[in-house]
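**Student:** I have a structure here, written as structure tokens, and I will follow up with some questions on it.
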Amino acid sequence: MALLQELLTTILNTVYDVIPIVVILFGFQFLVIRRPVPNLKRVLIGFIYVLIGLSLFLLGLEKALFPLGRLMADQLTNPAFIYESIQGSLQTIHWADYYWVYIFAFAIGFSTTVAEPSLIAVAIKANEVSAGAIGIWGLRIAVAIGVAIGISLGSFRIVSGMPIHYFIISGYVVVVIQTFFAPKMIVPLAYDSGGVTTSTVTVPLVAALGLGLAETVPGRNVLIDGFGLIAFASLFPIMSVMAYAQLSEYRAKCSR
Amino acid sequence: MTGSLRDLLPIILVIAFFQLFVLQQPIPNFIEIIIGTLFVVLGLTFFIYGLEMGLFPIGESMANAFARKGSVLWLLLFAFALGFGTTVAEPALIAVADEAAQVAANGGMIEDSQASMNAYASGLRYTVAFSVGLAIVIGVMRILKGWSIQYMIMGGYILVVIMTALAPKEIIGIAYDSGGVTTSTITVPLVTALGVGLASSIQGRNPMIDGFGLIAFASLTPMIFVMGYGMLI
């Protein structure tokens with residue numbers, strides 16, 4: 001019964017979030033376009049499905065995955081876990097001692113991106129528009145690898161304490177260079193994939209990891225160093241998606 | 001259903017592996033986690049159905065209708081409203097804005113009181129929402145005119161780099177993050193459908209090259225505007 005009540009609360013919250021969007025869509029539809037929506041009934045049912053789906057999804061994450069994920073991020077960044085083998089050297093931290101953190105960052109970045117609903121949406125659309133040239137799974141895996149690399153590099157940055165803008169600006173340079181060599185067709189999609197990766201599933205888990213790290217690594221400030229992982233997670237997919245297109249082009253050339 | 005289960009499998013494997021082998025601890029509340037996972041699978045299935053039935057068709061039919069109507073002004077107004085309206089209520093943004101206010105208060109940029117922190121946070125929220133609205137407007141203009149995206153994004157990058165040099169150090173991490181949090185699960189499919197729908201109903205535009213890219217603008221402008229906000233206040 002308590003679960004049902006929670007479900008209702010989540011649905012209400014989702015409805016509340018969606019109201020501005022619905023008002024804008026239907027306001028413009030009826031006041032400006034002034035034409036009936038084709039298949040209105042179907043569209044409305046679709047909206048209800050989206051609402052129910054999103055609410056179930058959020059509630060499930062909140063019940064199952066987030067508590068465990070947050071707990072694990074906490075435990076993995078705990079000095080007691082990291083310095084289990086090396087005793088008494090707490091004054092000097094070495095970035096390599098945090099290897100489990102980087103592996104966890106990589107794995108959790110990859111796996112949460114694969115489950116990200118907005119990425120699935122963009123992949124479906126890209127597959128449809130490119131007439132199958134861009135595979136749904138190919139794109140999703142490419143983005144997920146980008147996020148994984150981004151988040152592990154971002155955790156390394158928090159541990160090592162290097163300024164974030166060095167990484168982001170070098171990332172921009174790589175993106176600009178790649179843009180000139182990547183197939184023209186992929187460039188806009190690659191730029192887009194940076195923004196879609198970080199929403200419902202990834203942000204809460206990744207934020208917990210960043211804040212956990214910044215809290216426990218000596219000499220880091222939570223408020224200054226705890227942020228920035230999301231920026232890494234939205235920059236690296238741009239590179240990996242372009243690389244994916246470059247690789248497929250290269251393979252096609254070789255097989256010819 | 002099986003598709004959603006497959007989408008979720010990697011997370012389950014990762015969490016199980018780290019919990020059992022690396023941290024060597026049992027999984028707490030096992031039954032609750034199974035129920036939660038079931039919900040997530042069910043939710044993802046519903047979401048994808050609804051996406052193809054509701055969000056994609058309405059985004060595309062509205063794009064078509066605007067293209068046929070031929071009124072650029074209304075289209076741009078719609079683009080701005082969509083960007084602004086979907087961002088201003090975004091829960092992730094509200095959370096980030098509150099944290100940013102905390103940073104600003106700690107850094108002595110604003111007075112350390114609840115009232116000034118609230119004012120700072122809501123100012124930041126409107127700034128980001130405005131910048132997303134502007135981004136969608138610029139992106140739609142680009143589709144209409146057929147400008148190539150590379151140079152616009154590079155120009156944006158250069159602006160980000162310049163702003164980074166000028167902005168207070170405390171705001172930089174948050175500004176960079178704000179680019180990622182603005183695009184929610186419902187906005188992304190709608191905006192994508194809008195872009196692709198516009199590009200396919202305008203002569204001489206390629207939906208692949210011209211249709212995508214709206215989200216890229218929406219994740220770039222908030223960085224610039226948040227740093228600007230940090231400089232002004």
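We label chains A, B, ... in the order they appear in the structure tokens, count residues from 1 in each chain, and number ligands from 1 in the order shown.
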At a cut-off of 7 Å, can you tabulate as a tab-separated table every residue of chain A near chain B together with its closest atom pair and the distance in Å to one decimal, using only C-alpha atoms and ordering rows by chain then number?
**Tutor:**
```
residue	atom	partner	partner_atom	distance
A:Asp17	CA	B:Ala89	CA	6.4
A:Pro20	CA	B:Gly85	CA	5.9
A:Ile21	CA	B:Thr86	CA	5.8
A:Ile24	CA	B:Leu82	CA	6.6
A:Ile33	CA	B:Ala65	CA	6.7
A:Arg42	CA	B:Met53	CA	6.3
A:Val43	CA	B:Gly54	CA	4.0
A:Leu44	CA	B:Gly54	CA	6.4
A:Gly46	CA	B:Gly50	CA	3.9
A:Phe47	CA	B:Gly54	CA	5.3
A:Tyr49	CA	B:Gly50	CA	4.7
A:Val50	CA	B:Phe47	CA	4.5
A:Ile52	CA	B:Gly43	CA	6.8
A:Gly53	CA	B:Gly43	CA	3.7
A:Leu54	CA	B:Gly43	CA	5.8
A:Ser55	CA	B:Gly43	CA	7.0
A:Leu56	CA	B:Gly43	CA	4.6
A:Phe57	CA	B:Val40	CA	4.2
A:Gly60	CA	B:Gly36	CA	3.9
A:Leu61	CA	B:Val40	CA	6.4
A:Lys63	CA	B:Gly36	CA	5.2
A:Ala64	CA	B:Ile33	CA	4.2
A:Ala107	CA	B:Val14	CA	6.3
A:Ile108	CA	B:Val14	CA	6.7
A:Ser111	CA	B:Ile11	CA	4.8
A:Thr112	CA	B:Ile11	CA	6.1
A:Val114	CA	B:Asp7	CA	6.0
A:Ala115	CA	B:Asp7	CA	5.1
A:Pro117	CA	B:Thr185	CA	6.6
A:Ser118	CA	B:Thr185	CA	5.0
A:Ala121	CA	B:Pro189	CA	5.8
A:Val122	CA	B:Pro189	CA	6.6
A:Val129	CA	B:Met208	CA	6.2
A:Ser130	CA	B:Met208	CA	6.4
A:Ile169	CA	B:Val161	CA	6.9
A:Tyr172	CA	B:Tyr157	CA	6.9
A:Val176	CA	B:Met154	CA	7.0
A:Met185	CA	B:Ile209	CA	5.4
A:Pro188	CA	B:Gly213	CA	4.8
A:Leu189	CA	B:Phe212	CA	5.5
A:Tyr191	CA	B:Ala216	CA	5.2
A:Asp192	CA	B:Ala216	CA	4.4
A:Gly194	CA	B:Ala216	CA	7.0
A:Gly195	CA	B:Gly180	CA	5.6
A:Val196	CA	B:Thr183	CA	6.6
A:Thr198	CA	B:Gly180	CA	5.9
A:Ser199	CA	B:Ser184	CA	5.8
A:Thr200	CA	B:Thr185	CA	6.8
A:Leu223	CA	B:Val103	CA	6.1
A:Ile224	CA	B:Glu170	CA	5.9
A:Phe227	CA	B:Gly173	CA	5.2
A:Gly228	CA	B:Gly173	CA	4.9
A:Ile230	CA	B:Asp177	CA	5.2
A:Ala231	CA	B:Asp177	CA	4.8
A:Ser234	CA	B:Gly180	CA	6.2
```
**Student:** Could you pull out the alpha helix (DSSP H) residues of range 2-246 of chain A from DSSP and send them as a PyMOL selection string?
**Tutor:** chain A and resi 2-28+40-60+66-77+79-82+99-114+117-129+136-160+164-181+187-196+202-216+222-225+229-246
**Student:** If we count only C-alpha atoms, what is near Ile145 in chain A at a cut-off of 7 Å, once residues fewer than 4 positions away on the same chain are taken out, given as a tab-separated table (two decimals) with N, CA, C and O atoms, in the first residue's frame?
**Tutor:**
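The resulting selection_8.tsv:
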```
chain	number	residue	atom	x	y	z
A	110	PHE	N	29.30	3.72	-18.15
A	110	PHE	CA	28.88	2.94	-19.31
A	110	PHE	C	27.47	2.39	-19.11
A	110	PHE	O	26.59	2.57	-19.95
A	141	ILE	N	26.28	2.41	-27.77
A	141	ILE	CA	27.53	1.91	-27.20
A	141	ILE	C	28.62	2.97	-27.34
A	141	ILE	O	29.40	3.20	-26.41
A	149	ILE	N	34.64	6.91	-20.31
A	149	ILE	CA	35.97	7.52	-20.28
A	149	ILE	C	35.90	8.88	-19.59
A	149	ILE	O	36.74	9.20	-18.74
A	240	SER	N	33.69	10.29	-28.89
A	240	SER	CA	33.56	8.86	-29.18
A	240	SER	C	32.58	8.62	-30.32
A	240	SER	O	32.77	7.69	-31.10
```
